[in-house]
file run_4.txt (compact mmCIF, C-alpha atoms)
# COMPACT_ATOMS: atom_id res chain seq x y z
CA MET A 22 144.57 -67.74 -132.16
CA PRO A 23 144.60 -64.08 -131.07
CA MET A 24 142.44 -61.60 -132.93
CA ARG A 25 144.76 -59.38 -134.93
CA VAL A 26 144.26 -55.62 -134.60
CA GLY A 27 145.31 -52.74 -136.82
CA LEU A 28 145.58 -49.44 -134.95
CA MET A 29 144.96 -46.25 -136.92
CA GLY A 30 146.27 -43.37 -134.83
CA LEU A 31 148.68 -43.33 -131.87
CA GLY A 32 147.50 -40.22 -130.07
CA ARG A 33 146.27 -40.19 -126.47
CA VAL A 34 143.55 -42.83 -126.91
CA GLY A 35 145.70 -44.87 -129.29
CA ARG A 36 148.62 -45.04 -126.85
CA ASN A 37 146.30 -45.98 -123.98
CA LEU A 38 144.81 -48.72 -126.14
CA PHE A 39 148.27 -49.90 -127.23
CA ARG A 40 149.23 -50.56 -123.60
CA VAL A 41 145.93 -52.30 -122.86
CA LEU A 42 146.16 -54.57 -125.91
CA GLN A 43 149.80 -55.44 -125.33
CA LYS A 44 148.79 -56.99 -121.99
CA SER A 45 146.14 -59.13 -123.70
CA ASP A 46 146.54 -62.77 -124.72
CA ASP A 47 143.54 -62.86 -127.06
CA LEU A 48 144.09 -59.53 -128.86
CA ARG A 49 147.29 -58.70 -130.70
CA ILE A 50 148.34 -55.47 -132.41
CA GLU A 51 149.61 -56.49 -135.82
CA ALA A 52 150.18 -53.04 -137.30
CA ALA A 53 149.88 -49.36 -136.39
CA CYS A 54 149.63 -46.31 -138.63
CA ASP A 55 149.99 -42.60 -137.86
CA VAL A 56 150.99 -39.38 -139.59
CA ALA A 57 153.81 -38.89 -137.08
CA ASP A 58 157.31 -40.29 -137.40
CA ALA A 59 157.49 -43.90 -136.15
CA ALA A 60 160.61 -43.34 -134.03
CA SER A 61 158.93 -40.38 -132.30
CA LEU A 62 155.86 -42.50 -131.58
CA ALA A 63 158.04 -45.23 -130.09
CA TYR A 64 159.55 -42.61 -127.79
CA LEU A 65 156.09 -41.40 -126.67
CA LEU A 66 155.00 -44.98 -126.01
CA ARG A 67 158.08 -45.51 -123.88
CA PHE A 68 157.88 -42.24 -121.94
CA ASP A 69 154.40 -40.97 -121.12
CA THR A 70 153.69 -38.04 -118.80
CA ILE A 71 150.28 -39.41 -117.78
CA LEU A 72 150.78 -43.19 -117.90
CA GLY A 73 154.39 -43.22 -116.77
CA ARG A 74 157.29 -45.11 -118.28
CA TYR A 75 156.31 -48.18 -120.30
CA PRO A 76 156.42 -51.24 -118.01
CA GLY A 77 158.72 -54.11 -118.83
CA ALA A 78 162.25 -54.51 -120.12
CA ALA A 79 164.50 -51.45 -120.31
CA GLY A 80 164.75 -49.92 -123.75
CA GLU A 81 161.26 -50.88 -124.87
CA PRO A 82 159.37 -49.95 -126.94
CA ARG A 83 161.97 -49.30 -129.65
CA PHE A 84 161.67 -48.82 -133.39
CA ALA A 85 163.95 -50.63 -135.82
CA ASP A 86 163.68 -51.95 -139.37
CA GLY A 87 160.10 -50.78 -139.80
CA GLN A 88 158.95 -52.63 -136.68
CA LEU A 89 158.08 -51.58 -133.16
CA HIS A 90 159.74 -54.05 -130.79
CA VAL A 91 157.99 -54.41 -127.45
CA GLY A 92 157.37 -57.27 -125.04
CA GLY A 93 158.93 -59.85 -127.33
CA ARG A 94 156.54 -58.90 -130.12
CA GLN A 95 156.92 -56.91 -133.31
CA VAL A 96 154.35 -54.44 -134.56
CA ARG A 97 154.54 -53.21 -138.14
CA MET A 98 154.75 -49.40 -138.11
CA LEU A 99 153.35 -47.44 -141.04
CA THR A 100 153.43 -43.69 -141.70
CA GLU A 101 150.47 -41.99 -143.36
CA GLU A 102 150.96 -38.77 -145.28
CA LYS A 103 148.88 -35.89 -143.96
CA GLY A 104 145.75 -35.47 -146.03
CA SER A 105 146.11 -38.89 -147.62
CA GLN A 106 142.89 -40.72 -148.47
CA SER A 107 144.58 -44.12 -148.58
CA VAL A 108 144.66 -46.73 -145.81
CA PRO A 109 147.12 -49.56 -145.16
CA PRO A 110 146.58 -52.92 -146.90
CA TRP A 111 145.05 -54.49 -143.81
CA GLY A 112 144.32 -57.82 -145.46
CA GLU A 113 147.93 -58.26 -146.56
CA LEU A 114 149.06 -57.35 -143.04
CA GLY A 115 146.84 -60.06 -141.55
CA VAL A 116 144.61 -57.61 -139.67
CA ASP A 117 141.12 -58.72 -138.60
CA VAL A 118 139.84 -55.56 -136.87
CA VAL A 119 140.87 -51.94 -137.46
CA VAL A 120 140.57 -49.49 -134.59
CA GLU A 121 140.14 -45.92 -135.87
CA ALA A 122 141.73 -43.90 -133.04
CA THR A 123 142.67 -40.76 -134.95
CA GLY A 124 140.03 -38.75 -133.07
CA LYS A 125 138.47 -37.64 -136.35
CA ARG A 126 134.75 -38.03 -136.96
CA ARG A 127 134.85 -40.21 -140.03
CA SER A 128 132.21 -40.53 -142.73
CA ARG A 129 130.82 -43.85 -143.92
CA ALA A 130 132.96 -43.72 -147.05
CA GLU A 131 136.12 -43.09 -145.03
CA LEU A 132 135.41 -46.01 -142.69
CA GLU A 133 134.49 -48.38 -145.49
CA ARG A 134 137.96 -47.91 -146.97
CA HIS A 135 139.27 -50.11 -144.15
CA LEU A 136 136.88 -52.89 -145.13
CA ALA A 137 137.87 -52.55 -148.78
CA ALA A 138 141.52 -52.88 -147.70
CA GLY A 139 140.80 -56.27 -146.14
CA ALA A 140 139.67 -55.62 -142.55
CA LYS A 141 136.65 -57.59 -141.33
CA ARG A 142 135.52 -55.08 -138.71
CA VAL A 143 136.11 -51.40 -137.87
CA ILE A 144 135.86 -49.85 -134.38
CA LEU A 145 135.63 -46.04 -134.29
CA CYS A 146 137.01 -44.39 -131.13
CA SER A 147 134.91 -41.25 -131.45
CA PRO A 148 131.32 -40.34 -132.27
CA ALA A 149 130.39 -40.87 -135.91
CA ALA A 150 130.31 -37.95 -138.35
CA ASP A 151 126.62 -38.63 -138.98
CA ALA A 152 123.95 -41.21 -138.16
CA GLY A 153 124.67 -43.31 -141.23
CA ALA A 154 128.44 -43.47 -140.79
CA VAL A 155 128.34 -46.50 -138.47
CA ASP A 156 126.14 -49.56 -138.12
CA ALA A 157 125.78 -48.98 -134.38
CA THR A 158 127.17 -47.02 -131.45
CA ILE A 159 127.80 -49.42 -128.58
CA VAL A 160 128.34 -48.24 -125.00
CA PHE A 161 128.75 -50.84 -122.26
CA GLY A 162 126.19 -50.59 -119.51
CA VAL A 163 123.67 -49.19 -121.99
CA ASN A 164 123.21 -51.21 -125.17
CA GLU A 165 125.97 -53.79 -125.63
CA ASP A 166 123.28 -56.44 -126.07
CA ARG A 167 122.38 -54.84 -129.43
CA LEU A 168 125.72 -55.72 -131.02
CA SER A 169 125.19 -58.23 -133.83
CA SER A 170 127.18 -60.00 -136.54
CA GLU A 171 125.73 -57.57 -139.10
CA HIS A 172 127.51 -54.64 -137.45
CA ARG A 173 130.80 -54.30 -139.32
CA ILE A 174 131.46 -50.64 -138.47
CA VAL A 175 130.83 -49.72 -134.84
CA SER A 176 131.48 -46.59 -132.78
CA ALA A 177 132.53 -46.83 -129.13
CA GLY A 178 131.25 -43.30 -128.48
CA SER A 179 133.51 -41.05 -126.40
CA PRO A 180 135.01 -41.30 -122.89
CA GLY A 181 132.50 -38.79 -121.50
CA VAL A 182 129.52 -40.61 -123.01
CA ALA A 183 130.85 -43.98 -121.82
CA ALA A 184 131.03 -42.60 -118.25
CA ALA A 185 127.73 -40.71 -118.11
CA ALA A 186 125.36 -42.93 -120.10
CA PRO A 187 125.17 -45.89 -117.66
CA VAL A 188 124.33 -43.57 -114.74
CA LEU A 189 121.72 -41.71 -116.76
CA LYS A 190 120.13 -45.00 -117.81
CA LEU A 191 119.98 -46.24 -114.19
CA LEU A 192 118.42 -42.98 -112.94
CA ALA A 193 115.87 -42.93 -115.76
CA ALA A 194 114.83 -46.51 -114.97
CA ALA A 195 114.54 -45.87 -111.23
CA PHE A 196 112.95 -42.41 -111.12
CA GLY A 197 112.14 -41.32 -114.68
CA VAL A 198 113.85 -38.31 -116.26
CA GLU A 199 111.81 -35.34 -117.43
CA ARG A 200 114.84 -33.16 -118.16
CA ALA A 201 118.60 -33.44 -117.67
CA PHE A 202 121.64 -31.18 -117.96
CA LEU A 203 125.12 -32.67 -118.26
CA SER A 204 128.29 -30.66 -117.72
CA SER A 205 131.45 -32.48 -118.81
CA ILE A 206 134.30 -31.00 -116.77
CA HIS A 207 137.22 -32.27 -118.78
CA ALA A 208 141.00 -32.24 -118.42
CA PHE A 209 142.73 -30.48 -121.29
CA THR A 210 143.84 -32.52 -124.31
CA ASN A 211 146.22 -32.12 -127.25
CA ARG A 212 143.48 -30.19 -129.04
CA GLN A 213 144.07 -27.24 -126.73
CA HIS A 214 147.11 -24.95 -126.61
CA LEU A 215 149.70 -24.27 -123.93
CA ALA A 216 149.95 -20.58 -124.82
CA ASP A 217 147.47 -18.05 -126.18
CA VAL A 218 147.24 -18.30 -129.99
CA PRO A 219 144.84 -16.98 -132.63
CA ALA A 220 141.92 -19.34 -133.30
CA ASP A 221 138.58 -19.32 -135.12
CA ASP A 222 136.95 -19.82 -131.72
CA PRO A 223 138.76 -17.32 -129.46
CA ARG A 224 138.25 -19.44 -126.34
CA LYS A 225 139.87 -22.48 -127.96
CA GLY A 226 142.98 -20.42 -128.57
CA ARG A 227 143.56 -19.65 -124.90
CA ALA A 228 146.24 -21.39 -122.79
CA ALA A 229 144.68 -24.63 -121.52
CA GLY A 230 147.07 -25.00 -118.58
CA GLU A 231 146.12 -21.60 -117.19
CA ASN A 232 142.40 -21.25 -117.84
CA ILE A 233 138.97 -22.78 -117.34
CA VAL A 234 137.63 -22.82 -120.89
CA PRO A 235 133.92 -23.26 -121.75
CA GLN A 236 133.32 -25.39 -124.83
CA GLU A 237 130.38 -26.49 -126.94
CA SER A 238 129.32 -30.13 -126.62
CA ASP A 239 127.25 -32.57 -128.63
CA VAL A 240 127.14 -35.12 -125.79
CA ALA A 241 123.39 -34.57 -125.38
CA GLU A 242 122.75 -35.68 -128.97
CA ARG A 243 125.01 -38.71 -128.49
CA LEU A 244 123.20 -39.71 -125.30
CA GLU A 245 119.82 -39.37 -127.01
CA GLU A 246 121.01 -41.73 -129.75
CA LEU A 247 121.77 -44.32 -127.07
CA LEU A 248 118.67 -43.60 -124.97
CA PRO A 249 116.00 -42.56 -127.51
CA GLU A 250 113.32 -42.46 -124.81
CA LEU A 251 115.07 -39.29 -123.57
CA ALA A 252 115.05 -37.53 -126.94
CA GLY A 253 114.46 -33.81 -126.55
CA LYS A 254 115.08 -33.93 -122.80
CA LEU A 255 118.86 -33.51 -122.63
CA THR A 256 121.20 -30.52 -122.76
CA ALA A 257 124.98 -30.60 -122.36
CA ALA A 258 128.00 -28.33 -122.12
CA ALA A 259 131.72 -28.90 -121.66
CA ILE A 260 134.40 -27.10 -119.67
CA ASN A 261 138.11 -27.78 -120.09
CA VAL A 262 140.06 -27.25 -116.86
CA PRO A 263 143.83 -26.98 -116.25
CA VAL A 264 144.53 -30.55 -115.14
CA ALA A 265 146.35 -33.09 -117.31
CA ASN A 266 144.02 -36.01 -116.62
CA GLY A 267 140.94 -36.88 -114.59
CA SER A 268 137.52 -35.64 -115.70
CA VAL A 269 134.00 -35.69 -114.28
CA ALA A 270 130.46 -35.85 -115.65
CA ASP A 271 128.22 -33.52 -113.60
CA LEU A 272 124.63 -34.66 -114.21
CA VAL A 273 121.52 -32.80 -113.03
CA CYS A 274 118.17 -34.57 -113.57
CA TRP A 275 114.58 -33.46 -113.09
CA HIS A 276 112.70 -36.66 -112.21
CA SER A 277 109.09 -37.73 -112.59
CA ARG A 278 109.21 -39.56 -109.24
CA PRO A 279 110.48 -38.32 -105.85
CA VAL A 280 114.16 -38.74 -105.02
CA THR A 281 116.40 -38.64 -101.97
CA VAL A 282 120.17 -38.85 -101.70
CA GLU A 283 119.85 -42.32 -100.22
CA ALA A 284 117.47 -43.54 -102.93
CA VAL A 285 119.60 -42.17 -105.77
CA ASN A 286 122.75 -43.76 -104.37
CA ALA A 287 120.97 -47.06 -103.78
CA ALA A 288 119.72 -47.18 -107.37
CA VAL A 289 123.20 -46.57 -108.77
CA ARG A 290 124.88 -48.92 -106.28
CA GLN A 291 122.55 -51.77 -107.19
CA GLY A 292 122.96 -51.09 -110.90
CA ALA A 293 126.75 -50.84 -110.67
CA ALA A 294 126.86 -54.26 -109.01
CA GLY A 295 125.78 -55.74 -112.33
CA LEU A 296 128.13 -53.57 -114.39
CA SER A 297 131.51 -54.79 -113.18
CA GLY A 298 134.33 -53.12 -115.08
CA VAL A 299 131.93 -50.57 -116.56
CA LEU A 300 130.64 -48.53 -113.62
CA ALA A 301 132.41 -48.38 -110.26
CA TYR A 302 130.69 -47.17 -107.09
CA GLU A 303 132.97 -44.96 -105.00
CA THR A 304 132.46 -44.43 -101.26
CA ASP A 305 135.67 -42.51 -100.50
CA ALA A 306 136.30 -38.77 -100.81
CA ILE A 307 138.18 -38.76 -104.11
CA VAL A 308 139.42 -35.95 -106.37
CA SER A 309 140.41 -35.91 -110.03
CA SER A 310 143.93 -37.34 -109.58
CA ASP A 311 142.49 -40.38 -107.76
CA ILE A 312 140.78 -41.55 -110.93
CA LEU A 313 143.99 -41.96 -112.96
CA HIS A 314 144.41 -45.50 -114.35
CA ALA A 315 140.88 -46.47 -113.29
CA GLU A 316 139.75 -49.30 -115.59
CA ALA A 317 136.01 -48.63 -115.27
CA ALA A 318 134.42 -46.30 -117.82
CA GLY A 319 133.09 -44.23 -114.92
CA SER A 320 133.34 -44.08 -111.13
CA TYR A 321 130.18 -42.81 -109.43
CA ASP A 322 130.93 -40.49 -106.49
CA SER A 323 128.35 -41.41 -103.84
CA LEU A 324 129.55 -38.71 -101.44
CA ALA A 325 128.81 -35.95 -103.98
CA THR A 326 125.14 -36.81 -104.58
CA MET A 327 122.70 -33.97 -103.91
CA VAL A 328 118.97 -33.40 -104.30
CA LEU A 329 116.89 -30.25 -104.60
CA GLY A 330 113.33 -30.47 -103.35
CA GLN A 331 111.71 -33.79 -104.14
CA ASN A 332 112.44 -34.22 -107.82
CA VAL A 333 115.93 -32.94 -108.75
CA SER A 334 119.16 -34.91 -108.37
CA LYS A 335 122.78 -33.92 -108.95
CA THR A 336 125.47 -36.61 -109.36
CA LEU A 337 129.16 -36.78 -110.23
CA THR A 338 130.81 -39.60 -112.21
CA TRP A 339 134.58 -39.46 -112.55
CA PHE A 340 136.56 -40.87 -115.49
CA ASP A 341 140.14 -41.17 -116.65
CA ASN A 342 140.50 -39.47 -120.04
CA GLY A 343 141.64 -42.61 -121.82
CA TRP A 344 142.45 -45.62 -119.66
CA GLY A 345 138.94 -46.82 -118.79
CA TYR A 346 137.72 -46.01 -122.30
CA ALA A 347 140.58 -48.04 -123.80
CA HIS A 348 139.47 -51.06 -121.76
CA ARG A 349 135.92 -50.71 -123.12
CA VAL A 350 137.25 -50.49 -126.69
CA ALA A 351 139.26 -53.68 -126.10
CA GLU A 352 136.12 -55.42 -124.87
CA LEU A 353 134.19 -54.16 -127.89
CA ILE A 354 136.86 -55.68 -130.17
CA ARG A 355 136.40 -59.02 -128.39
CA ARG A 356 132.63 -58.92 -128.65
CA SER A 357 132.75 -57.93 -132.30
CA GLY A 358 134.98 -60.89 -133.01
CA LYS A 359 132.65 -63.27 -131.21
CA GLU A 360 129.68 -61.97 -133.15
CA ALA A 361 131.55 -62.36 -136.42
CA ALA A 362 132.43 -65.97 -135.56
CA GLN A 363 128.79 -66.92 -134.95
call {"tool": "encode", "arguments": {"input": "run_4.txt", "output": "structure tokens"}}
result
Amino acid sequence: MPMRVGLMGLGRVGRNLFRVLQKSDDLRIEAACDVADAASLAYLLRFDTILGRYPGAAGEPRFADGQLHVGGRQVRMLTEEKGSQSVPPWGELGVDVVVEATGKRRSRAELERHLAAGAKRVILCSPAADAGAVDATIVFGVNEDRLSSEHRIVSAGSPGVAAAAPVLKLLAAAFGVERAFLSSIHAFTNRQHLADVPADDPRKGRAAGENIVPQESDVAERLEELLPELAGKLTAAAINVPVANGSVADLVCWHSRPVTVEAVNAAVRQGAAGLSGVLAYETDAIVSSDILHAEAAGSYDSLATMVLGQNVSKTLTWFDNGWGYAHRVAELIRRSGKEAAQ
């Protein structure tokens, strides 16, 4: 019997995940909830500027009689009032796992509401609001072996963390890391604006399609949570650039052992061989648009590797803003279900 999923939020990550789960035989979306109008969400699932038109029969997805009809299945569509503290009655809807894809950094109390409503597990598609909000943060290629049946609320981290963390772990194991700086060069999202508007942070109010916009980032803290041996050694920044999709993690490491371009690439290539579906090893000269619809969390660019002196490396790892991350979330749902069944 398929594991039944409740999807909270149908924004960019939610719509990516919807398409991934609809192709699955062992995972089924039972219900979806969002603050937006259900008919408008059905339209955005059907016509997507980044993903293209929804594959399959003409006229799908379509909303009728409180249900989203797609691929011969029906998904219950629920509308949440803005600012509401309530959650759908997941137990009554037959939902096993709730995926929190609103993009908000939820507190423990907010996430536990899903359990109280009848869900058995909660997957958060963003970093947690604080260390105690989730039982664990699981990133494939880093710590998926730590997932246990006791973990009822789990974070999948963020797309940038999911792309960068496996490479950082491989480099630390091969050469040691004394210090590292990560720049996340990220396509703009629906959190930015298309025209200049007033904002508390003046940079965030500038037109995202026309500017390169520096942003603050807490990716360093999130990476240190996953790789505690690197605590105090990481710094990160983010830059939004005027492309609609396709981002890259630019990682500079100061190593405790000597490095060469060949040695760095060999270490990542060998590690990626054991991380199928998580980390791809790219040998062609790709650019940001070439990473669209890539299912791996990250694609390591072997042609971009550089070294400075004997102990500094610079690497690039490309990632699709949502597609690869959605595949990792789907796998996390599966693993959570298996752990719960044990």
call {"tool": "residues_around", "arguments": {"input": "run_4.txt", "residues": "stretch 113-127 of chain A", "least_positions_apart": "4", "cutoff": "7 Å", "atoms": "only C-alpha atoms", "output": "PyMOL selection string"}}
result
chain A and resi 24-30+32+34-35+51+131-132+140-150
call {"tool": "residues_around", "arguments": {"input": "run_4.txt", "residues": "A:Leu38", "least_positions_apart": "2", "cutoff": "12 Å", "atoms": "all atoms listed in the file", "output": "MDAnalysis selection string"}}
result
chainID A and resid 26:36 40:45 48:50 53 66 72 120:122 146 316 342:352 354
call {"tool": "atom_distance", "arguments": {"input": "run_4.txt", "atom1": "atom CA of A:Arg290", "atom2": "atom CA of A:Ser176"}}
result
27.4 Å
call {"tool": "closest_residue", "arguments": {"input": "run_4.txt", "among": "A:Trp275, A:Tyr64, A:Trp339, A:Phe202", "to": "A:His90", "atoms": "all atoms listed in the file"}}
result
A:Tyr64
call {"tool": "closest_residue", "arguments": {"input": "run_4.txt", "among": "A:Phe39, A:Phe84, A:Tyr75, A:Phe340", "to": "A:Ser61", "atoms": "all atoms listed in the file"}}
result
A:Phe84
call {"tool": "residues_around", "arguments": {"input": "run_4.txt", "residues": "A:Ala138", "least_positions_apart": "5", "cutoff": "10 Å", "atoms": "only C-alpha atoms", "output": "MDAnalysis selection string"}}
result
chainID A and resid 107:114 116 133
call {"tool": "residues_around", "arguments": {"input": "run_4.txt", "residues": "A:Ala284", "least_positions_apart": "6", "cutoff": "12 Å", "atoms": "all atoms listed in the file", "output": "CSV table (one decimal) with C-alpha atoms, keeping the file's coordinate frame"}}
result
chain,number,residue,atom,x,y,z
A,191,LEU,CA,120.0,-46.2,-114.2
A,192,LEU,CA,118.4,-43.0,-112.9
A,195,ALA,CA,114.5,-45.9,-111.2
A,196,PHE,CA,113.0,-42.4,-111.1
A,278,ARG,CA,109.2,-39.6,-109.2
A,290,ARG,CA,124.9,-48.9,-106.3
A,291,GLN,CA,122.6,-51.8,-107.2
A,323,SER,CA,128.4,-41.4,-103.8
A,326,THR,CA,125.1,-36.8,-104.6
A,327,MET,CA,122.7,-34.0,-103.9
A,328,VAL,CA,119.0,-33.4,-104.3
A,331,GLN,CA,111.7,-33.8,-104.1
A,332,ASN,CA,112.4,-34.2,-107.8
A,334,SER,CA,119.2,-34.9,-108.4
call {"tool": "closest_residue", "arguments": {"input": "run_4.txt", "among": "A:Arg134, A:His276, A:Arg173, A:Arg355", "to": "A:Val333", "atoms": "all atoms listed in the file"}}
result
A:His276
call {"tool": "closest_residue", "arguments": {"input": "run_4.txt", "among": "A:Arg200, A:Arg212, A:His314, A:Lys335", "to": "A:Val273", "atoms": "all atoms listed in the file"}}
result
A:Lys335
call {"tool": "atom_distance", "arguments": {"input": "run_4.txt", "atom1": "atom CA of A:His135", "atom2": "atom CA of A:Ala60"}}
result
24.6 Å
call {"tool": "residues_near_point", "arguments": {"input": "run_4.txt", "point": "(157.3, -42.0, -121.4)", "cutoff": "12 Å", "atoms": "all atoms listed in the file", "output": "PyMOL selection string"}}
result
chain A and resi 36-37+40+61-76+79-83
call {"tool": "atom_distance", "arguments": {"input": "run_4.txt", "atom1": "atom CA of A:Ala293", "atom2": "atom CA of A:Glu250"}}
result
21.2 Å
call {"tool": "axis_aligned_box", "arguments": {"input": "run_4.txt", "around": "stretch 193-209 of chain A", "padding_each_side": "5 Å", "output": "AutoDock Vina command-line options"}}
result
--center_x 127.3 --center_y -38.5 --center_z -116.2 --size_x 40.9 --size_y 26.0 --size_z 20.2
call {"tool": "build_atoms", "arguments": {"input": "run_4.txt", "residues": "stretch 219-245 of chain A", "atoms": "N, CA and C atoms", "output": "PDB file, in the frame of the given file"}}
result
ATOM      1  N   PRO A 219     146.054 -17.306-131.878  1.00  0.00           N
ATOM      2  CA  PRO A 219     144.840 -16.980-132.630  1.00  0.00           C
ATOM      3  C   PRO A 219     144.076 -18.255-132.983  1.00  0.00           C
ATOM      4  N   ALA A 220     142.746 -18.183-132.961  1.00  0.00           N
ATOM      5  CA  ALA A 220     141.920 -19.340-133.300  1.00  0.00           C
ATOM      6  C   ALA A 220     140.567 -18.841-133.789  1.00  0.00           C
ATOM      7  N   ASP A 221     139.914 -19.679-134.620  1.00  0.00           N
ATOM      8  CA  ASP A 221     138.580 -19.320-135.120  1.00  0.00           C
ATOM      9  C   ASP A 221     137.618 -19.116-133.956  1.00  0.00           C
ATOM     10  N   ASP A 222     137.698 -20.001-132.965  1.00  0.00           N
ATOM     11  CA  ASP A 222     136.950 -19.820-131.720  1.00  0.00           C
ATOM     12  C   ASP A 222     137.928 -19.234-130.709  1.00  0.00           C
ATOM     13  N   PRO A 223     137.763 -17.964-130.332  1.00  0.00           N
ATOM     14  CA  PRO A 223     138.760 -17.320-129.460  1.00  0.00           C
ATOM     15  C   PRO A 223     139.044 -18.083-128.175  1.00  0.00           C
ATOM     16  N   ARG A 224     138.018 -18.714-127.598  1.00  0.00           N
ATOM     17  CA  ARG A 224     138.250 -19.440-126.340  1.00  0.00           C
ATOM     18  C   ARG A 224     139.183 -20.638-126.546  1.00  0.00           C
ATOM     19  N   LYS A 225     139.042 -21.305-127.707  1.00  0.00           N
ATOM     20  CA  LYS A 225     139.870 -22.480-127.960  1.00  0.00           C
ATOM     21  C   LYS A 225     141.331 -22.115-128.159  1.00  0.00           C
ATOM     22  N   GLY A 226     141.606 -20.855-128.409  1.00  0.00           N
ATOM     23  CA  GLY A 226     142.980 -20.420-128.570  1.00  0.00           C
ATOM     24  C   GLY A 226     143.679 -20.041-127.288  1.00  0.00           C
ATOM     25  N   ARG A 227     142.968 -20.074-126.171  1.00  0.00           N
ATOM     26  CA  ARG A 227     143.560 -19.650-124.900  1.00  0.00           C
ATOM     27  C   ARG A 227     144.350 -20.781-124.244  1.00  0.00           C
ATOM     28  N   ALA A 228     145.321 -20.424-123.413  1.00  0.00           N
ATOM     29  CA  ALA A 228     146.240 -21.390-122.790  1.00  0.00           C
ATOM     30  C   ALA A 228     145.471 -22.345-121.873  1.00  0.00           C
ATOM     31  N   ALA A 229     145.482 -23.634-122.242  1.00  0.00           N
ATOM     32  CA  ALA A 229     144.680 -24.630-121.520  1.00  0.00           C
ATOM     33  C   ALA A 229     145.206 -24.900-120.113  1.00  0.00           C
ATOM     34  N   GLY A 230     146.507 -24.737-119.903  1.00  0.00           N
ATOM     35  CA  GLY A 230     147.070 -25.000-118.580  1.00  0.00           C
ATOM     36  C   GLY A 230     146.873 -23.874-117.591  1.00  0.00           C
ATOM     37  N   GLU A 231     146.280 -22.778-118.044  1.00  0.00           N
ATOM     38  CA  GLU A 231     146.120 -21.600-117.190  1.00  0.00           C
ATOM     39  C   GLU A 231     144.679 -21.135-117.053  1.00  0.00           C
ATOM     40  N   ASN A 232     143.758 -21.760-117.797  1.00  0.00           N
ATOM     41  CA  ASN A 232     142.400 -21.250-117.840  1.00  0.00           C
ATOM     42  C   ASN A 232     141.349 -22.344-117.728  1.00  0.00           C
ATOM     43  N   ILE A 233     140.173 -21.960-117.238  1.00  0.00           N
ATOM     44  CA  ILE A 233     138.970 -22.780-117.340  1.00  0.00           C
ATOM     45  C   ILE A 233     138.251 -22.305-118.601  1.00  0.00           C
ATOM     46  N   VAL A 234     138.078 -23.216-119.562  1.00  0.00           N
ATOM     47  CA  VAL A 234     137.630 -22.820-120.890  1.00  0.00           C
ATOM     48  C   VAL A 234     136.294 -23.467-121.241  1.00  0.00           C
ATOM     49  N   PRO A 235     135.207 -22.693-121.323  1.00  0.00           N
ATOM     50  CA  PRO A 235     133.920 -23.260-121.750  1.00  0.00           C
ATOM     51  C   PRO A 235     133.989 -23.721-123.203  1.00  0.00           C
ATOM     52  N   GLN A 236     133.333 -24.839-123.482  1.00  0.00           N
ATOM     53  CA  GLN A 236     133.320 -25.390-124.830  1.00  0.00           C
ATOM     54  C   GLN A 236     131.906 -25.844-125.188  1.00  0.00           C
ATOM     55  N   GLU A 237     131.626 -25.890-126.488  1.00  0.00           N
ATOM     56  CA  GLU A 237     130.380 -26.490-126.940  1.00  0.00           C
ATOM     57  C   GLU A 237     130.482 -28.013-126.813  1.00  0.00           C
ATOM     58  N   SER A 238     129.334 -28.674-126.759  1.00  0.00           N
ATOM     59  CA  SER A 238     129.320 -30.130-126.620  1.00  0.00           C
ATOM     60  C   SER A 238     128.132 -30.717-127.355  1.00  0.00           C
ATOM     61  N   ASP A 239     128.366 -31.853-128.007  1.00  0.00           N
ATOM     62  CA  ASP A 239     127.250 -32.570-128.630  1.00  0.00           C
ATOM     63  C   ASP A 239     126.929 -33.854-127.866  1.00  0.00           C
ATOM     64  N   VAL A 240     127.372 -33.917-126.606  1.00  0.00           N
ATOM     65  CA  VAL A 240     127.140 -35.120-125.790  1.00  0.00           C
ATOM     66  C   VAL A 240     125.652 -35.398-125.638  1.00  0.00           C
ATOM     67  N   ALA A 241     124.829 -34.356-125.536  1.00  0.00           N
ATOM     68  CA  ALA A 241     123.390 -34.570-125.380  1.00  0.00           C
ATOM     69  C   ALA A 241     122.833 -35.354-126.570  1.00  0.00           C
ATOM     70  N   GLU A 242     123.218 -34.964-127.776  1.00  0.00           N
ATOM     71  CA  GLU A 242     122.750 -35.680-128.970  1.00  0.00           C
ATOM     72  C   GLU A 242     123.226 -37.125-128.966  1.00  0.00           C
ATOM     73  N   ARG A 243     124.469 -37.354-128.519  1.00  0.00           N
ATOM     74  CA  ARG A 243     125.010 -38.710-128.490  1.00  0.00           C
ATOM     75  C   ARG A 243     124.291 -39.564-127.454  1.00  0.00           C
ATOM     76  N   LEU A 244     123.952 -38.974-126.323  1.00  0.00           N
ATOM     77  CA  LEU A 244     123.200 -39.710-125.300  1.00  0.00           C
ATOM     78  C   LEU A 244     121.791 -40.036-125.778  1.00  0.00           C
ATOM     79  N   GLU A 245     121.183 -39.118-126.503  1.00  0.00           N
ATOM     80  CA  GLU A 245     119.820 -39.370-127.010  1.00  0.00           C
ATOM     81  C   GLU A 245     119.821 -40.478-128.053  1.00  0.00           C
TER      82      GLU A 245
END
